[in-house]
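Student: Just one file: coords06.txt, with compact mmCIF, C-alpha atoms.
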```txt
# COMPACT_ATOMS: atom_id res chain seq x y z
CA MET A 180 -1.19 31.73 59.22
CA ARG A 181 -0.09 28.09 59.15
CA ALA A 182 -0.03 28.01 62.96
CA ARG A 183 -3.64 29.10 63.07
CA LEU A 184 -4.66 26.57 60.42
CA SER A 185 -2.92 23.76 62.29
CA ARG A 186 -5.15 24.46 65.30
CA PHE A 187 -8.17 23.92 63.06
CA PRO A 188 -7.20 21.05 60.76
CA ILE A 189 -10.59 21.07 59.07
CA ALA A 190 -9.87 24.60 57.75
CA ARG A 191 -7.42 23.20 55.21
CA TRP A 192 -10.41 21.63 53.41
CA ALA A 193 -12.11 25.03 52.90
CA PRO A 194 -10.86 25.50 49.30
CA ILE A 195 -12.54 22.30 48.11
CA PRO A 196 -16.15 23.57 48.02
CA LEU A 197 -14.89 26.76 46.35
CA ARG A 198 -13.07 24.75 43.69
CA LEU A 199 -16.03 22.47 43.08
CA ILE A 200 -18.69 25.17 42.69
CA VAL A 201 -16.52 27.59 40.70
CA GLY A 202 -15.18 24.84 38.45
CA PHE A 203 -18.59 23.28 37.90
CA GLY A 204 -20.22 26.69 37.37
CA PHE A 205 -17.74 27.74 34.71
CA MET A 206 -17.95 24.38 32.95
CA GLU A 207 -21.75 24.53 32.99
CA HIS A 208 -21.73 28.00 31.39
CA GLY A 209 -19.29 26.82 28.73
CA PHE A 210 -21.30 23.67 27.97
CA ALA A 211 -24.50 25.76 27.74
CA LYS A 212 -22.84 27.96 25.11
CA LEU A 213 -21.70 24.85 23.21
CA ALA A 214 -25.20 23.34 23.38
CA ARG A 215 -26.77 26.48 21.89
CA GLY A 216 -23.98 26.64 19.34
CA PRO A 217 -20.91 28.88 19.36
CA ASP A 218 -22.43 30.89 16.51
CA ALA A 219 -25.36 31.89 18.73
CA PHE A 220 -22.93 33.20 21.35
CA ALA A 221 -20.88 34.94 18.64
CA THR A 222 -24.07 36.74 17.56
CA ILE A 223 -24.53 38.00 21.12
CA LEU A 224 -20.90 39.13 21.28
CA ASN A 225 -21.30 40.89 17.94
CA ALA A 226 -24.35 42.76 19.30
CA LEU A 227 -22.20 43.85 22.26
CA ALA A 228 -19.58 45.16 19.78
CA VAL A 229 -16.97 42.66 20.96
CA PRO A 230 -14.18 42.51 18.37
CA ALA A 231 -13.64 39.22 16.51
CA PRO A 232 -16.88 37.76 17.92
CA HIS A 233 -16.41 34.21 16.55
CA PHE A 234 -12.88 33.98 17.89
CA MET A 235 -13.96 35.47 21.23
CA ALA A 236 -16.92 33.07 21.43
CA TRP A 237 -14.58 30.10 21.13
CA ALA A 238 -12.01 31.68 23.47
CA THR A 239 -14.75 32.22 26.05
CA ILE A 240 -16.14 28.71 25.72
CA LEU A 241 -12.69 27.12 26.00
CA THR A 242 -11.80 29.32 28.97
CA GLU A 243 -15.02 28.36 30.72
CA VAL A 244 -14.79 24.63 30.02
CA LEU A 245 -11.04 24.09 30.39
CA GLY A 246 -10.53 26.74 33.08
CA GLY A 247 -13.52 25.37 34.98
CA LEU A 248 -12.11 21.85 34.77
CA ALA A 249 -8.70 23.05 35.95
CA VAL A 250 -10.20 24.83 38.96
CA PHE A 251 -12.42 21.83 39.71
CA LEU A 252 -9.32 19.60 39.78
CA GLY A 253 -7.14 22.20 41.52
CA ALA A 254 -4.75 22.37 38.57
CA PHE A 255 -2.88 25.55 37.62
CA VAL A 256 -5.46 27.59 39.53
CA ALA A 257 -3.39 30.79 39.67
CA LEU A 258 -2.77 30.61 35.91
CA VAL A 259 -6.32 29.83 34.74
CA SER A 260 -7.85 32.33 37.16
CA LEU A 261 -6.53 35.27 35.12
CA PRO A 262 -8.55 34.64 31.93
CA MET A 263 -11.50 33.48 34.03
CA ALA A 264 -11.44 36.74 36.00
CA ALA A 265 -11.16 38.67 32.73
CA LEU A 266 -14.34 36.97 31.45
CA LEU A 267 -16.16 37.88 34.65
CA LEU A 268 -15.07 41.51 34.46
CA VAL A 269 -16.14 41.75 30.82
CA ALA A 270 -19.52 40.22 31.73
CA ILE A 271 -19.96 42.72 34.57
CA PHE A 272 -19.17 45.78 32.47
CA THR A 273 -20.83 44.76 29.20
CA VAL A 274 -23.96 42.94 30.43
CA HIS A 275 -24.78 42.98 34.15
CA LEU A 276 -23.83 46.45 35.44
CA PRO A 277 -26.97 48.25 34.20
CA TYR A 278 -29.12 45.77 36.14
CA GLY A 279 -27.59 46.58 39.52
CA PHE A 280 -26.12 44.32 42.16
CA SER A 281 -28.76 41.67 42.80
CA SER A 282 -28.67 38.51 40.73
CA ILE A 283 -32.22 37.57 41.68
CA LYS A 284 -34.98 40.00 40.76
CA LEU A 285 -38.39 38.50 41.40
CA MET A 286 -40.71 40.40 39.07
CA ALA A 287 -43.92 38.40 39.54
CA VAL A 288 -45.35 35.05 40.46
CA THR A 289 -47.81 33.76 37.89
CA PRO A 290 -49.61 30.44 37.49
CA ALA A 291 -46.67 29.45 35.26
CA GLY A 292 -44.24 30.12 38.11
CA ALA A 293 -41.84 32.80 39.22
CA GLN A 294 -40.81 35.42 36.66
CA PHE A 295 -37.37 36.98 37.08
CA GLY A 296 -35.74 40.10 35.67
CA PRO A 297 -32.24 40.32 34.23
CA PRO A 298 -29.45 39.38 36.65
CA GLY A 299 -27.07 41.93 38.11
CA TYR A 300 -23.38 41.48 38.83
CA GLU A 301 -23.65 39.77 42.24
CA CYS A 302 -22.76 36.25 41.04
CA ASP A 303 -19.85 37.56 38.98
CA LEU A 304 -18.44 39.20 42.11
CA LEU A 305 -18.90 35.98 44.07
CA TYR A 306 -17.00 34.04 41.40
CA LEU A 307 -14.24 36.68 41.45
CA ALA A 308 -14.03 36.46 45.25
CA CYS A 309 -13.79 32.65 45.10
CA LEU A 310 -11.06 32.79 42.46
CA ALA A 311 -9.14 35.35 44.54
CA ALA A 312 -9.48 33.15 47.64
CA LEU A 313 -8.15 30.13 45.73
CA VAL A 314 -5.23 32.07 44.26
CA LEU A 315 -4.29 33.72 47.57
CA GLY A 316 -5.03 30.77 49.86
CA GLY A 317 -4.15 27.84 47.64
CA SER A 318 -6.13 25.01 46.10
CA GLY A 319 -6.26 22.93 49.26
CA PRO A 320 -5.94 19.17 49.59
CA LEU A 321 -6.81 16.74 46.80
CA ALA A 322 -5.58 19.26 44.24
CA ILE A 323 -3.30 18.63 41.30
CA ASP A 324 -1.39 21.81 42.23
CA GLY A 325 -0.42 20.13 45.52
CA LEU A 326 0.81 17.01 43.71
CA ILE A 327 2.93 19.14 41.36
CA LYS A 328 4.42 21.01 44.32
CA LYS A 329 5.29 17.72 46.08
CA ARG A 330 6.94 16.33 42.95
CA ARG A 331 9.03 19.47 42.57
CA LYS A 332 10.20 19.19 46.19
CA VAL A 333 11.13 15.52 45.69
CA GLY A 334 12.94 16.33 42.45
CA HIS A 335 14.96 19.13 44.11
CA SER A 336 15.91 17.09 47.17
```
Please re-express this file's structure in structure tokens.

Tutor:
Amino acid sequence: MRARLSRFPIARWAPIPLRLIVGFGFMEHGFAKLARGPDAFATILNALAVPAPHFMAWATILTEVLGGLAVFLGAFVALVSLPMAALLLVAIFTVHLPYGFSSIKLMAVTPAGAQFGPPGYECDLLYLACLAALVLGGSGPLAIDGLIKKRRKVGHS
């Protein structure tokens, strides 16, 4: 694999856009929940019969904000990807699955603008695929994970 990547040096930069969009996306979802108030999200979780909804609301928000930041920076990506993937799987099976695959369902165009139906699980799968690619392929250059790995090598030499 490394031999192939060395023939295409630009390929080593491929993880960066994945890190940036996944990290930013997760942080944005977490900040949106904070802006509406964790209690509002806990009410939604309670309606979905999620146990300990207030605790889970905060756990979700912290996972999205801190996990998103970690992915964005390329820090501990393999570790933070596990709870992030768990959130995505829960979202798929508790919210999005009944609405099918497509995340964009144009219902109508009115004078007020486009009207969309509920999103399916497409975006959740895309996030899962990006997390899997980062875990399996590495965080790429300009990642904290790479700095940690270099320091460990220097310390063991």

Student: Need to verify the contact set: A:Ala312, 12 Å, all atoms listed in the file, exclusion of same-chain residues closer than 5 positions in sequence. Can you return it as a list in words?

Tutor: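 Once the adjacent positions are removed, what remains is Ala193, Pro194, Ile195, Pro196, Leu197, Arg198, Val201, Val256, Ala257, Ser260, Leu305, Tyr306, Leu307, Gly317, Ser318 and Gly319 of chain A.
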
Student: I'd like to know which of A:Pro320, A:Pro217, A:Gly279, A:Gly247 is closest to A:Tyr300, using only C-alpha atoms.

Tutor: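 Using only C-alpha atoms, the shortest distance to A:Tyr300 belongs to A:Gly279.
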
Student: Distance atom CA of A:Leu241-atom CA of A:Phe205, one decimal place?

Tutor: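 Separation of atom CA of A:Leu241 and atom CA of A:Phe205: 10.1 Å.
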
Student: With distances taken over all atoms listed in the file, which of A:Leu261, A:Val244, A:Leu224, A:Met235 is nearest to A:Ala311?

Tutor: A:Leu261

Student: So that I can see what lies close to A:Val259, please list as number ranges by chain the residues with an atom at most 12 Å from it, counting all atoms listed in the file and leaving out residues fewer than 3 positions away in the same chain.

Tutor: A: 202, 205, 241-256, 262-266, 310-311, 313-314

Student: I'd like the contact shell of A:Pro297 - 12 Å cut-off, all atoms listed in the file, skipping same-chain residues fewer than 5 positions apart - returned as an NGL selection string.

Tutor: :A and (274-286)

Student: Could you check how far atom CA of A:Cys309 sits from atom CA of A:Ile271, in Å to one decimal?

Tutor: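 Taking atom CA of A:Cys309 and atom CA of A:Ile271, their separation equals 15.8 Å.
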
Student: If I take atom CA of A:Gly204 and atom CA of A:Trp192, how far is one from the other in Å, to one decimal?

Tutor: 19.5 Å

Student: Smallest atom-to-atom distance to A:Ala226: which of A:Thr273, A:Ile200, A:Ala211, A:Arg331, using only C-alpha atoms?

Tutor: A:Thr273

Student: Give me, as a ChimeraX atom specification, all polymer residues having an atom no more than 9 Å from A:Ala221, counting all atoms listed in the file and skipping those fewer than 5 positions away in the same chain.

Tutor: /A:216,226,229,231-237

Student: Store the residues picked out above in a file with C-alpha atoms, as a short mmCIF file (atom, residue, chain, number, x, y, z; two decimals), keeping the file's coordinate frame.

Tutor:
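And here is the file that came out, part-v1.cif:
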```cif
data_model
loop_
_atom_site.label_atom_id
_atom_site.label_comp_id
_atom_site.auth_asym_id
_atom_site.auth_seq_id
_atom_site.Cartn_x
_atom_site.Cartn_y
_atom_site.Cartn_z
CA GLY A 216 -23.98 26.64 19.34
CA ALA A 226 -24.35 42.76 19.30
CA VAL A 229 -16.97 42.66 20.96
CA ALA A 231 -13.64 39.22 16.51
CA PRO A 232 -16.88 37.76 17.92
CA HIS A 233 -16.41 34.21 16.55
CA PHE A 234 -12.88 33.98 17.89
CA MET A 235 -13.96 35.47 21.23
CA ALA A 236 -16.92 33.07 21.43
CA TRP A 237 -14.58 30.10 21.13
#
```
